[in-house]
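Take a look at the structure set out below.
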Amino acid sequence: MAAEPTRPVKIIAAADDFGAPIKDALVAHLRSLTIEVEDLGTFSYYSAGAKVGRRVSQSSAVRGLVACGTGAGVSIFANKFPGVYAATCLTPSDAVNARSINNSNVLAVSGKYTSPEVAIEILDAWLNTPFKSACPANDGEPWPREIHTFLEQSLVEMPEIGKEGAFDTCAVCCLVKNRELNPIELIPGGSMKIVRETPTSAFVRFKAGSVEPAHHHTFGHDLVVLEGKKSVWNLTKEERYDLTVGDYLFTPPGDVHRVKYYEDTEFFIKWDGHWDMFFDEDLHTAQNAIDKDLGLTSSTVS
């Protein structure tokens with residue numbers, strides 16, 4: 001992981017109800033500095049942290065801003081994602097240390113214990129501090145050569161922590177290893193391997209760009225995304241779910257839903273009873289509806 005430039009290209013922000021006012025003040029400040037901000041909104045503290053953590057994990061070009069009552073909860077859940085270094089900062093000195101020592105790429109702040117004025121000072125300190133710079137932790141002095149070398153090496157070593165055996169111990173992933181999945185004849189680009197019958201569980205793969213036209217089943221099903229990225233439109237509930245690795249979704253029996261796969265995607269799915277699938281539209285209609293919802297036009301779709 002290379003050290004990031006002092007000023008980020010873009011910041012992703014989110015908060016819970018306790019952190020929303022301070023987040024809004026900081027978003028306004030960032031925009032006054034002409035820094036691009038994507039404000040995801042207000043959620044539970046764990047969802048806010050996770051949403052920002054996931055986005056920062058996916059791109060080195062962005063950083064994150066999260067807020068809750070204490071600043072601790074959002075930080076914990078942002079840090080669940082690889083390559084995310086979220087730090088809760090209650091003072092400008094905390095922010096300088098977090099950038100100098102930890103190369104922090106997500107700033108977590110407290111809505112209950114920090115005023116908007118101090119929060120702006122914290123944010124400015126975090127934005128303006130380069131990695132390995134002088135900081136309060138070293139009495140404002142430059143780091144000695146051996147510490148400077150250690151910090152450089154930390155960029156290589158930190159991303160490796162937690163990788164050892166991470167996938168070898170996952171029972172779900174072990175089940176699918178070396179299994180050949182069979183094509184789903186009804187839907188181009190899809191394949192499936194049933195692992196167990198009644199209740200039934202299966203691994204399903206779809207190629208990037210595949211679409212499942214609106215359909216329903218006589219059974220409800222649970223799924224967990226293991227790899228890739230997809231969107232599910234539940235037309236019965238008039239809701240859209242954007243899913244990526246680790247996300248879970250339950251679809252009730254009879255609910256009509258269509259699906260779009262943005263990347264090669266694999267998921268684990270479980271349902272009661274035998275497999276069935278009843279289509280409610282054709283592939284062309286589904287693709288047009290998805291393009292319209294995503295704001296795509298014929299000139300932008302390849």
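Just remember, in the structure tokens the first chain shown is A, the second B, etc., residues are 1-based per chain, and ligands are 1-based in the order shown.
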
* Asked: Just asking: which residues within stretch 55-182 of chain A are helix (DSSP H, G or I) according to DSSP, as a PyMOL selection string?
  -> chain A and resi 55-58+72-78+92-102+116-128+136-138+145-160+171-176

* Please, which residues of stretch 36-159 of chain A, numbered as in this document, come out strand (DSSP E) from DSSP, as a ChimeraX atom specification? -> /A:36-42,62-68,86-88,106-110

* To do: Rounded to one decimal place, report the atom CA of A:Glu281-atom CA of A:His221 distance in Å.
  => 20.3 Å

* Asked: Which one is closest to A:Glu36: A:Ile12, A:Asp17, A:Val106, A:Gly49? Count only C-alpha atoms.
  -> A:Ile12

Would you list the contacts of A:Val52 as a PDB file with N, CA, C and O atoms, in the first residue's frame, taking every protein, DNA or RNA residue within 12 Å and counting only C-alpha atoms, but skipping same-chain residues closer than 3 positions in sequence?
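Wrote around.pdb, looks like this:
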ATOM      1  N   ILE A  11     -13.860  12.126  -1.022  1.00  0.00           N
ATOM      2  CA  ILE A  11     -14.150  11.604   0.315  1.00  0.00           C
ATOM      3  C   ILE A  11     -15.570  11.052   0.332  1.00  0.00           C
ATOM      4  O   ILE A  11     -16.506  11.692  -0.158  1.00  0.00           O
ATOM      5  N   ILE A  12     -15.714   9.845   0.892  1.00  0.00           N
ATOM      6  CA  ILE A  12     -17.012   9.206   1.085  1.00  0.00           C
ATOM      7  C   ILE A  12     -17.416   9.416   2.535  1.00  0.00           C
ATOM      8  O   ILE A  12     -16.629   9.117   3.446  1.00  0.00           O
ATOM      9  N   ALA A  13     -18.629   9.912   2.778  1.00  0.00           N
ATOM     10  CA  ALA A  13     -19.056  10.251   4.139  1.00  0.00           C
ATOM     11  C   ALA A  13     -20.361   9.559   4.506  1.00  0.00           C
ATOM     12  O   ALA A  13     -21.216   9.320   3.655  1.00  0.00           O
ATOM     13  N   ALA A  14     -20.503   9.241   5.790  1.00  0.00           N
ATOM     14  CA  ALA A  14     -21.752   8.695   6.324  1.00  0.00           C
ATOM     15  C   ALA A  14     -21.725   8.839   7.840  1.00  0.00           C
ATOM     16  O   ALA A  14     -20.662   9.025   8.443  1.00  0.00           O
ATOM     17  N   ALA A  15     -22.891   8.733   8.459  1.00  0.00           N
ATOM     18  CA  ALA A  15     -22.988   8.894   9.915  1.00  0.00           C
ATOM     19  C   ALA A  15     -24.235   8.204  10.431  1.00  0.00           C
ATOM     20  O   ALA A  15     -25.111   7.801   9.649  1.00  0.00           O
ATOM     21  N   VAL A  37     -17.060  15.332  -2.469  1.00  0.00           N
ATOM     22  CA  VAL A  37     -17.605  14.527  -1.380  1.00  0.00           C
ATOM     23  C   VAL A  37     -18.825  13.764  -1.887  1.00  0.00           C
ATOM     24  O   VAL A  37     -19.692  14.334  -2.555  1.00  0.00           O
ATOM     25  N   GLU A  38     -18.886  12.486  -1.550  1.00  0.00           N
ATOM     26  CA  GLU A  38     -20.095  11.703  -1.772  1.00  0.00           C
ATOM     27  C   GLU A  38     -20.688  11.390  -0.403  1.00  0.00           C
ATOM     28  O   GLU A  38     -20.124  10.608   0.359  1.00  0.00           O
ATOM     29  N   ASP A  39     -21.790  12.044  -0.091  1.00  0.00           N
ATOM     30  CA  ASP A  39     -22.445  11.881   1.210  1.00  0.00           C
ATOM     31  C   ASP A  39     -23.474  10.762   1.094  1.00  0.00           C
ATOM     32  O   ASP A  39     -24.515  10.919   0.459  1.00  0.00           O
ATOM     33  N   LEU A  40     -23.182   9.625   1.722  1.00  0.00           N
ATOM     34  CA  LEU A  40     -24.072   8.469   1.618  1.00  0.00           C
ATOM     35  C   LEU A  40     -25.321   8.626   2.475  1.00  0.00           C
ATOM     36  O   LEU A  40     -26.322   7.960   2.228  1.00  0.00           O
ATOM     37  N   GLY A  41     -25.261   9.474   3.523  1.00  0.00           N
ATOM     38  CA  GLY A  41     -26.445   9.709   4.338  1.00  0.00           C
ATOM     39  C   GLY A  41     -26.305   9.193   5.757  1.00  0.00           C
ATOM     40  O   GLY A  41     -25.205   9.060   6.294  1.00  0.00           O
ATOM     41  N   THR A  42     -27.464   8.867   6.362  1.00  0.00           N
ATOM     42  CA  THR A  42     -27.540   8.501   7.771  1.00  0.00           C
ATOM     43  C   THR A  42     -28.050   7.075   7.924  1.00  0.00           C
ATOM     44  O   THR A  42     -29.065   6.706   7.326  1.00  0.00           O
ATOM     45  N   PHE A  43     -27.351   6.286   8.735  1.00  0.00           N
ATOM     46  CA  PHE A  43     -27.679   4.879   8.944  1.00  0.00           C
ATOM     47  C   PHE A  43     -27.397   4.532  10.409  1.00  0.00           C
ATOM     48  O   PHE A  43     -27.031   5.398  11.196  1.00  0.00           O
ATOM     49  N   TYR A  45     -24.906   3.106  13.226  1.00  0.00           N
ATOM     50  CA  TYR A  45     -23.461   3.373  13.244  1.00  0.00           C
ATOM     51  C   TYR A  45     -22.668   2.266  12.554  1.00  0.00           C
ATOM     52  O   TYR A  45     -21.677   2.532  11.861  1.00  0.00           O
ATOM     53  N   TYR A  46     -23.127   1.013  12.706  1.00  0.00           N
ATOM     54  CA  TYR A  46     -22.373  -0.076  12.092  1.00  0.00           C
ATOM     55  C   TYR A  46     -22.555  -0.089  10.580  1.00  0.00           C
ATOM     56  O   TYR A  46     -21.623  -0.413   9.842  1.00  0.00           O
ATOM     57  N   SER A  47     -23.738   0.267  10.094  1.00  0.00           N
ATOM     58  CA  SER A  47     -23.937   0.336   8.645  1.00  0.00           C
ATOM     59  C   SER A  47     -23.187   1.514   8.035  1.00  0.00           C
ATOM     60  O   SER A  47     -22.608   1.402   6.950  1.00  0.00           O
ATOM     61  N   ALA A  48     -23.197   2.649   8.730  1.00  0.00           N
ATOM     62  CA  ALA A  48     -22.475   3.821   8.226  1.00  0.00           C
ATOM     63  C   ALA A  48     -20.985   3.518   8.104  1.00  0.00           C
ATOM     64  O   ALA A  48     -20.354   3.801   7.076  1.00  0.00           O
ATOM     65  N   GLY A  49     -20.417   2.912   9.156  1.00  0.00           N
ATOM     66  CA  GLY A  49     -18.998   2.561   9.106  1.00  0.00           C
ATOM     67  C   GLY A  49     -18.696   1.569   8.005  1.00  0.00           C
ATOM     68  O   GLY A  49     -17.701   1.701   7.281  1.00  0.00           O
ATOM     69  N   ARG A  55     -16.329   1.182   0.533  1.00  0.00           N
ATOM     70  CA  ARG A  55     -15.984   2.033  -0.606  1.00  0.00           C
ATOM     71  C   ARG A  55     -14.500   2.405  -0.593  1.00  0.00           C
ATOM     72  O   ARG A  55     -13.843   2.422  -1.637  1.00  0.00           O
ATOM     73  N   VAL A  56     -13.969   2.724   0.578  1.00  0.00           N
ATOM     74  CA  VAL A  56     -12.556   3.084   0.665  1.00  0.00           C
ATOM     75  C   VAL A  56     -11.684   1.866   0.350  1.00  0.00           C
ATOM     76  O   VAL A  56     -10.640   1.985  -0.295  1.00  0.00           O
ATOM     77  N   SER A  57     -12.122   0.705   0.776  1.00  0.00           N
ATOM     78  CA  SER A  57     -11.391  -0.529   0.517  1.00  0.00           C
ATOM     79  C   SER A  57     -11.279  -0.816  -0.978  1.00  0.00           C
ATOM     80  O   SER A  57     -10.305  -1.415  -1.431  1.00  0.00           O
ATOM     81  N   GLN A  58     -12.261  -0.365  -1.737  1.00  0.00           N
ATOM     82  CA  GLN A  58     -12.318  -0.669  -3.162  1.00  0.00           C
ATOM     83  C   GLN A  58     -11.497   0.284  -4.020  1.00  0.00           C
ATOM     84  O   GLN A  58     -11.273   0.018  -5.200  1.00  0.00           O
ATOM     85  N   SER A  59     -11.037   1.407  -3.457  1.00  0.00           N
ATOM     86  CA  SER A  59     -10.319   2.392  -4.272  1.00  0.00           C
ATOM     87  C   SER A  59      -9.307   3.160  -3.437  1.00  0.00           C
ATOM     88  O   SER A  59      -9.659   3.717  -2.394  1.00  0.00           O
ATOM     89  N   VAL A  62      -9.821   7.293  -2.909  1.00  0.00           N
ATOM     90  CA  VAL A  62     -10.779   7.949  -2.026  1.00  0.00           C
ATOM     91  C   VAL A  62     -10.378   7.742  -0.567  1.00  0.00           C
ATOM     92  O   VAL A  62      -9.658   6.805  -0.226  1.00  0.00           O
ATOM     93  N   ARG A  63     -10.871   8.636   0.286  1.00  0.00           N
ATOM     94  CA  ARG A  63     -10.775   8.469   1.735  1.00  0.00           C
ATOM     95  C   ARG A  63     -12.187   8.548   2.312  1.00  0.00           C
ATOM     96  O   ARG A  63     -13.140   8.840   1.599  1.00  0.00           O
ATOM     97  N   GLY A  64     -12.288   8.318   3.601  1.00  0.00           N
ATOM     98  CA  GLY A  64     -13.598   8.272   4.226  1.00  0.00           C
ATOM     99  C   GLY A  64     -13.729   9.202   5.415  1.00  0.00           C
ATOM    100  O   GLY A  64     -12.747   9.550   6.075  1.00  0.00           O
ATOM    101  N   LEU A  65     -14.989   9.580   5.684  1.00  0.00           N
ATOM    102  CA  LEU A  65     -15.343  10.386   6.854  1.00  0.00           C
ATOM    103  C   LEU A  65     -16.573   9.753   7.485  1.00  0.00           C
ATOM    104  O   LEU A  65     -17.601   9.594   6.814  1.00  0.00           O
ATOM    105  N   VAL A  66     -16.471   9.364   8.758  1.00  0.00           N
ATOM    106  CA  VAL A  66     -17.591   8.729   9.452  1.00  0.00           C
ATOM    107  C   VAL A  66     -17.785   9.391  10.799  1.00  0.00           C
ATOM    108  O   VAL A  66     -16.840   9.879  11.420  1.00  0.00           O
ATOM    109  N   ALA A  67     -19.038   9.391  11.267  1.00  0.00           N
ATOM    110  CA  ALA A  67     -19.344  10.023  12.549  1.00  0.00           C
ATOM    111  C   ALA A  67     -20.463   9.270  13.248  1.00  0.00           C
ATOM    112  O   ALA A  67     -21.415   8.820  12.614  1.00  0.00           O
ATOM    113  N   VAL A  74     -18.371   3.658  14.507  1.00  0.00           N
ATOM    114  CA  VAL A  74     -18.188   3.742  13.052  1.00  0.00           C
ATOM    115  C   VAL A  74     -16.773   3.344  12.654  1.00  0.00           C
ATOM    116  O   VAL A  74     -16.548   2.725  11.608  1.00  0.00           O
ATOM    117  N   SER A  75     -15.809   3.674  13.517  1.00  0.00           N
ATOM    118  CA  SER A  75     -14.421   3.312  13.232  1.00  0.00           C
ATOM    119  C   SER A  75     -14.228   1.800  13.248  1.00  0.00           C
ATOM    120  O   SER A  75     -13.568   1.236  12.370  1.00  0.00           O
ATOM    121  N   ILE A  76     -14.844   1.134  14.237  1.00  0.00           N
ATOM    122  CA  ILE A  76     -14.714  -0.325  14.343  1.00  0.00           C
ATOM    123  C   ILE A  76     -15.194  -1.009  13.072  1.00  0.00           C
ATOM    124  O   ILE A  76     -14.533  -1.904  12.538  1.00  0.00           O
ATOM    125  N   PHE A  77     -16.340  -0.567  12.555  1.00  0.00           N
ATOM    126  CA  PHE A  77     -16.913  -1.276  11.411  1.00  0.00           C
ATOM    127  C   PHE A  77     -16.308  -0.831  10.088  1.00  0.00           C
ATOM    128  O   PHE A  77     -16.277  -1.618   9.134  1.00  0.00           O
ATOM    129  N   ALA A  78     -15.794   0.374  10.003  1.00  0.00           N
ATOM    130  CA  ALA A  78     -15.038   0.753   8.803  1.00  0.00           C
ATOM    131  C   ALA A  78     -13.779  -0.101   8.696  1.00  0.00           C
ATOM    132  O   ALA A  78     -13.372  -0.505   7.604  1.00  0.00           O
ATOM    133  N   ASN A  79     -13.179  -0.406   9.837  1.00  0.00           N
ATOM    134  CA  ASN A  79     -11.930  -1.176   9.848  1.00  0.00           C
ATOM    135  C   ASN A  79     -12.118  -2.659   9.578  1.00  0.00           C
ATOM    136  O   ASN A  79     -11.139  -3.414   9.548  1.00  0.00           O
ATOM    137  N   LYS A  80     -13.350  -3.095   9.348  1.00  0.00           N
ATOM    138  CA  LYS A  80     -13.585  -4.494   8.984  1.00  0.00           C
ATOM    139  C   LYS A  80     -13.099  -4.797   7.571  1.00  0.00           C
ATOM    140  O   LYS A  80     -12.977  -5.970   7.194  1.00  0.00           O
ATOM    141  N   PHE A  81     -12.815  -3.766   6.789  1.00  0.00           N
ATOM    142  CA  PHE A  81     -12.512  -3.958   5.368  1.00  0.00           C
ATOM    143  C   PHE A  81     -11.015  -3.819   5.109  1.00  0.00           C
ATOM    144  O   PHE A  81     -10.349  -2.949   5.673  1.00  0.00           O
ATOM    145  N   VAL A  84      -8.315  -0.523   5.001  1.00  0.00           N
ATOM    146  CA  VAL A  84      -8.930   0.638   5.658  1.00  0.00           C
ATOM    147  C   VAL A  84      -8.236   0.867   6.996  1.00  0.00           C
ATOM    148  O   VAL A  84      -8.082  -0.062   7.794  1.00  0.00           O
ATOM    149  N   TYR A  85      -7.827   2.120   7.231  1.00  0.00           N
ATOM    150  CA  TYR A  85      -7.178   2.491   8.482  1.00  0.00           C
ATOM    151  C   TYR A  85      -7.948   3.670   9.074  1.00  0.00           C
ATOM    152  O   TYR A  85      -7.595   4.836   8.885  1.00  0.00           O
ATOM    153  N   ALA A  86      -9.044   3.339   9.750  1.00  0.00           N
ATOM    154  CA  ALA A  86      -9.906   4.355  10.344  1.00  0.00           C
ATOM    155  C   ALA A  86      -9.410   4.697  11.738  1.00  0.00           C
ATOM    156  O   ALA A  86      -9.052   3.806  12.516  1.00  0.00           O
ATOM    157  N   ASN A 105      -6.736   6.539   6.448  1.00  0.00           N
ATOM    158  CA  ASN A 105      -7.502   6.951   5.266  1.00  0.00           C
ATOM    159  C   ASN A 105      -8.997   7.100   5.546  1.00  0.00           C
ATOM    160  O   ASN A 105      -9.780   7.368   4.632  1.00  0.00           O
ATOM    161  N   VAL A 106      -9.408   6.905   6.793  1.00  0.00           N
ATOM    162  CA  VAL A 106     -10.788   7.181   7.204  1.00  0.00           C
ATOM    163  C   VAL A 106     -10.736   7.925   8.539  1.00  0.00           C
ATOM    164  O   VAL A 106     -10.125   7.447   9.505  1.00  0.00           O
ATOM    165  N   LEU A 107     -11.365   9.079   8.581  1.00  0.00           N
ATOM    166  CA  LEU A 107     -11.447   9.876   9.797  1.00  0.00           C
ATOM    167  C   LEU A 107     -12.783   9.625  10.480  1.00  0.00           C
ATOM    168  O   LEU A 107     -13.836   9.771   9.866  1.00  0.00           O
ATOM    169  N   ALA A 108     -12.739   9.252  11.759  1.00  0.00           N
ATOM    170  CA  ALA A 108     -13.946   9.042  12.548  1.00  0.00           C
ATOM    171  C   ALA A 108     -14.022  10.132  13.614  1.00  0.00           C
ATOM    172  O   ALA A 108     -13.037  10.388  14.318  1.00  0.00           O
TER     173      ALA A 108
END

Find the spatial neighbours of A:Ala95, counting only C-alpha atoms, within a cut-off of 10 Å - ignore same-chain residues fewer than 2 positions away - and output them as a tab-separated table (two decimals) with all heavy atoms, in the first residue's frame.
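Writing the result to result-v9.tsv gives the following:
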chain	number	residue	atom	x	y	z
A	87	ALA	N	-9.38	5.97	12.05
A	87	ALA	CA	-8.93	6.43	13.36
A	87	ALA	C	-9.94	7.40	13.95
A	87	ALA	O	-10.39	8.33	13.27
A	87	ALA	CB	-7.57	7.11	13.23
A	88	THR	N	-10.31	7.17	15.20
A	88	THR	CA	-11.19	8.09	15.93
A	88	THR	C	-10.34	9.21	16.49
A	88	THR	O	-9.41	8.98	17.25
A	88	THR	CB	-11.91	7.37	17.07
A	88	THR	OG1	-12.66	6.27	16.54
A	88	THR	CG2	-12.85	8.31	17.80
A	89	CYS	N	-10.66	10.44	16.11
A	89	CYS	CA	-9.86	11.60	16.51
A	89	CYS	C	-10.74	12.60	17.25
A	89	CYS	O	-11.74	13.08	16.71
A	89	CYS	CB	-9.23	12.26	15.28
A	89	CYS	SG	-8.11	11.16	14.37
A	90	LEU	N	-10.36	12.91	18.48
A	90	LEU	CA	-11.10	13.85	19.31
A	90	LEU	C	-10.41	15.20	19.40
A	90	LEU	O	-10.99	16.17	19.90
A	90	LEU	CB	-11.32	13.28	20.71
A	90	LEU	CG	-12.06	11.95	20.78
A	90	LEU	CD1	-12.21	11.50	22.24
A	90	LEU	CD2	-13.44	12.05	20.13
A	91	THR	N	-9.17	15.27	18.92
A	91	THR	CA	-8.40	16.52	18.91
A	91	THR	C	-7.63	16.63	17.61
A	91	THR	O	-7.36	15.62	16.94
A	91	THR	CB	-7.40	16.57	20.08
A	91	THR	OG1	-6.38	15.58	19.85
A	91	THR	CG2	-8.07	16.31	21.42
A	92	PRO	N	-7.22	17.83	17.24
A	92	PRO	CA	-6.36	17.97	16.05
A	92	PRO	C	-5.05	17.18	16.18
A	92	PRO	O	-4.56	16.64	15.19
A	92	PRO	CB	-6.10	19.48	15.98
A	92	PRO	CG	-7.31	20.09	16.62
A	92	PRO	CD	-7.66	19.15	17.74
A	93	SER	N	-4.52	17.08	17.41
A	93	SER	CA	-3.29	16.29	17.60
A	93	SER	C	-3.51	14.83	17.27
A	93	SER	O	-2.64	14.17	16.68
A	93	SER	CB	-2.80	16.43	19.05
A	93	SER	OG	-2.35	17.75	19.31
A	97	ASN	N	-1.37	12.74	14.43
A	97	ASN	CA	-0.73	11.46	14.74
A	97	ASN	C	-1.25	10.34	13.85
A	97	ASN	O	-0.48	9.49	13.37
A	97	ASN	CB	-0.97	11.09	16.20
A	97	ASN	CG	-0.17	11.94	17.17
A	97	ASN	OD1	0.88	12.47	16.82
A	97	ASN	ND2	-0.66	12.08	18.39
A	98	ALA	N	-2.56	10.31	13.63
A	98	ALA	CA	-3.17	9.24	12.84
A	98	ALA	C	-2.68	9.25	11.40
A	98	ALA	O	-2.45	8.19	10.80
A	98	ALA	CB	-4.69	9.35	12.87
A	99	ARG	N	-2.49	10.44	10.86
A	99	ARG	CA	-1.98	10.52	9.49
A	99	ARG	C	-0.48	10.24	9.44
A	99	ARG	O	0.00	9.52	8.57
A	99	ARG	CB	-2.26	11.92	8.92
A	99	ARG	CG	-3.69	12.15	8.49
A	99	ARG	CD	-4.05	11.36	7.24
A	99	ARG	NE	-3.18	11.71	6.13
A	99	ARG	CZ	-2.75	10.84	5.22
A	99	ARG	NH1	-3.13	9.58	5.28
A	99	ARG	NH2	-1.96	11.24	4.24
A	100	SER	N	0.28	10.81	10.38
A	100	SER	CA	1.72	10.67	10.36
A	100	SER	C	2.16	9.24	10.62
A	100	SER	O	3.04	8.72	9.92
A	100	SER	CB	2.34	11.58	11.42
A	100	SER	OG	3.73	11.32	11.58
A	104	SER	N	-3.67	7.04	8.12
A	104	SER	CA	-5.13	6.89	8.23
A	104	SER	C	-5.82	7.38	6.96
A	104	SER	O	-5.55	8.47	6.47
A	104	SER	CB	-5.65	7.69	9.43
A	104	SER	OG	-7.05	7.82	9.40
A	107	LEU	N	-11.36	9.08	8.58
A	107	LEU	CA	-11.45	9.88	9.80
A	107	LEU	C	-12.78	9.63	10.48
A	107	LEU	O	-13.84	9.77	9.87
A	107	LEU	CB	-11.31	11.36	9.47
A	107	LEU	CG	-11.53	12.34	10.63
A	107	LEU	CD1	-10.46	12.15	11.70
A	107	LEU	CD2	-11.53	13.78	10.12
A	108	ALA	N	-12.74	9.25	11.76
A	108	ALA	CA	-13.95	9.04	12.55
A	108	ALA	C	-14.02	10.13	13.61
A	108	ALA	O	-13.04	10.39	14.32
A	108	ALA	CB	-13.94	7.66	13.20
A	109	VAL	N	-15.19	10.77	13.73
A	109	VAL	CA	-15.35	11.86	14.69
A	109	VAL	C	-16.58	11.64	15.55
A	109	VAL	O	-17.48	10.87	15.20
A	109	VAL	CB	-15.45	13.23	13.97
A	109	VAL	CG1	-14.13	13.59	13.30
A	109	VAL	CG2	-16.59	13.23	12.96
A	121	GLU	N	-11.29	21.82	12.79
A	121	GLU	CA	-9.85	21.84	13.04
A	121	GLU	C	-9.26	20.43	12.91
A	121	GLU	O	-8.16	20.25	12.36
A	121	GLU	CB	-9.58	22.40	14.44
A	121	GLU	CG	-9.90	23.87	14.61
A	121	GLU	CD	-9.62	24.34	16.03
A	121	GLU	OE1	-8.88	23.64	16.76
A	121	GLU	OE2	-10.14	25.40	16.42
A	122	ILE	N	-9.98	19.44	13.43
A	122	ILE	CA	-9.53	18.05	13.33
A	122	ILE	C	-9.44	17.63	11.87
A	122	ILE	O	-8.44	17.04	11.43
A	122	ILE	CB	-10.50	17.12	14.10
A	122	ILE	CG1	-10.40	17.37	15.60
A	122	ILE	CG2	-10.22	15.65	13.78
A	122	ILE	CD1	-11.48	16.68	16.41
A	123	LEU	N	-10.48	17.94	11.10
A	123	LEU	CA	-10.50	17.57	9.70
A	123	LEU	C	-9.37	18.24	8.92
A	123	LEU	O	-8.68	17.59	8.12
A	123	LEU	CB	-11.86	17.94	9.09
A	123	LEU	CG	-12.03	17.69	7.59
A	123	LEU	CD1	-11.81	16.22	7.25
A	123	LEU	CD2	-13.43	18.13	7.14
A	124	ASP	N	-9.15	19.53	9.16
A	124	ASP	CA	-8.07	20.24	8.47
A	124	ASP	C	-6.71	19.63	8.80
A	124	ASP	O	-5.85	19.47	7.92
A	124	ASP	CB	-8.09	21.72	8.84
A	124	ASP	CG	-9.19	22.49	8.13
A	124	ASP	OD1	-9.71	21.98	7.12
A	124	ASP	OD2	-9.54	23.59	8.59
A	125	ALA	N	-6.52	19.29	10.07
A	125	ALA	CA	-5.25	18.67	10.47
A	125	ALA	C	-5.06	17.33	9.77
A	125	ALA	O	-3.96	17.00	9.30
A	125	ALA	CB	-5.21	18.49	11.99
A	126	TRP	N	-6.13	16.56	9.68
A	126	TRP	CA	-6.08	15.25	9.02
A	126	TRP	C	-5.81	15.39	7.53
A	126	TRP	O	-5.02	14.64	6.94
A	126	TRP	CB	-7.40	14.54	9.28
A	126	TRP	CG	-7.52	13.13	8.83
A	126	TRP	CD1	-6.97	12.03	9.41
A	126	TRP	CD2	-8.27	12.66	7.70
A	126	TRP	NE1	-7.33	10.89	8.72
A	126	TRP	CE2	-8.14	11.25	7.67
A	126	TRP	CE3	-9.05	13.28	6.74
A	126	TRP	CZ2	-8.75	10.46	6.71
A	126	TRP	CZ3	-9.66	12.50	5.77
A	126	TRP	CH2	-9.51	11.10	5.76
A	127	LEU	N	-6.43	16.39	6.90
A	127	LEU	CA	-6.24	16.61	5.47
A	127	LEU	C	-4.83	17.09	5.13
A	127	LEU	O	-4.28	16.74	4.08
A	127	LEU	CB	-7.24	17.66	4.97
A	127	LEU	CG	-8.72	17.28	4.89
A	127	LEU	CD1	-9.55	18.51	4.57
A	127	LEU	CD2	-8.93	16.20	3.84
A	128	ASN	N	-4.25	17.89	6.01
A	128	ASN	CA	-3.01	18.59	5.68
A	128	ASN	C	-1.75	17.90	6.19
A	128	ASN	O	-0.65	18.42	6.00
A	128	ASN	CB	-3.06	20.01	6.25
A	128	ASN	CG	-4.14	20.85	5.58
A	128	ASN	OD1	-4.41	20.69	4.40
A	128	ASN	ND2	-4.78	21.73	6.35
A	129	THR	N	-1.90	16.74	6.83
A	129	THR	CA	-0.74	16.06	7.41
A	129	THR	C	-0.29	14.91	6.50
A	129	THR	O	-1.04	13.96	6.30
A	129	THR	CB	-1.06	15.51	8.80
A	129	THR	OG1	-1.45	16.58	9.65
A	129	THR	CG2	0.16	14.80	9.39
A	135	CYS	N	5.02	15.05	14.22
A	135	CYS	CA	3.71	15.01	14.86
A	135	CYS	C	3.86	15.10	16.37
A	135	CYS	O	4.97	14.93	16.91
A	135	CYS	CB	2.96	13.74	14.46
A	135	CYS	SG	3.70	12.23	15.11
A	136	PRO	N	2.76	15.37	17.08
A	136	PRO	CA	2.83	15.50	18.54
A	136	PRO	C	3.40	14.27	19.24
A	136	PRO	O	3.99	14.38	20.31
A	136	PRO	CB	1.37	15.74	18.94
A	136	PRO	CG	0.75	16.35	17.73
A	136	PRO	CD	1.42	15.71	16.57

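Between A:Phe206 and the candidates A:Ser154, A:Thr34, A:Thr149, A:Thr265, the tightest atom-to-atom separation, counting only C-alpha atoms, involves A:Thr265.
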
* Within 12 Å of A:Phe219, counting only C-alpha atoms, which residues qualify if same-chain residues fewer than 5 places away don't, as an NGL selection string? -> :A and (198-200 or 250-256 or 269-278)

* Asked: Can you list, as a PyMOL selection string, every protein, DNA or RNA residue that comes within 8 Å of A:Leu26 when you count only C-alpha atoms, leaving out same-chain residues fewer than 3 positions away?
  -> chain A and resi 22-23+29-30+116+119-120+123

Selected residues, N, CA and C atoms, written as an mmCIF file, in the first residue's frame, please.
data_model
loop_
_atom_site.group_PDB
_atom_site.id
_atom_site.type_symbol
_atom_site.label_atom_id
_atom_site.label_comp_id
_atom_site.auth_asym_id
_atom_site.auth_seq_id
_atom_site.Cartn_x
_atom_site.Cartn_y
_atom_site.Cartn_z
ATOM 1 N N ILE A 22 -22.620 16.710 12.898
ATOM 2 C CA ILE A 22 -21.200 17.013 12.750
ATOM 3 C C ILE A 22 -20.720 16.591 11.362
ATOM 4 N N LYS A 23 -21.265 15.478 10.857
ATOM 5 C CA LYS A 23 -20.911 15.047 9.494
ATOM 6 C C LYS A 23 -21.343 16.085 8.481
ATOM 7 N N HIS A 29 -17.789 21.886 4.904
ATOM 8 C CA HIS A 29 -16.428 22.433 4.931
ATOM 9 C C HIS A 29 -15.587 21.845 3.803
ATOM 10 N N LEU A 30 -15.686 20.541 3.589
ATOM 11 C CA LEU A 30 -14.924 19.912 2.504
ATOM 12 C C LEU A 30 -15.292 20.503 1.150
ATOM 13 N N PRO A 116 -18.678 21.572 16.287
ATOM 14 C CA PRO A 116 -18.391 21.736 14.855
ATOM 15 C C PRO A 116 -17.082 22.484 14.604
ATOM 16 N N ALA A 119 -14.263 20.110 15.284
ATOM 17 C CA ALA A 119 -14.281 19.062 14.262
ATOM 18 C C ALA A 119 -13.643 19.549 12.969
ATOM 19 N N ILE A 120 -13.878 20.791 12.618
ATOM 20 C CA ILE A 120 -13.267 21.352 11.411
ATOM 21 C C ILE A 120 -11.754 21.441 11.583
ATOM 22 N N LEU A 123 -10.476 17.938 11.103
ATOM 23 C CA LEU A 123 -10.502 17.567 9.695
ATOM 24 C C LEU A 123 -9.373 18.238 8.923
#

Surrounding residues of A:Arg145 excluding itself and chain neighbours under 6 positions, 12 Å, only C-alpha atoms, as a CSV table (one decimal) with C-alpha atoms, in the first residue's frame:
chain,number,residue,atom,x,y,z
A,132,LYS,CA,5.7,10.2,8.3
A,151,LEU,CA,6.9,3.4,9.0
A,152,GLU,CA,7.8,2.8,5.4
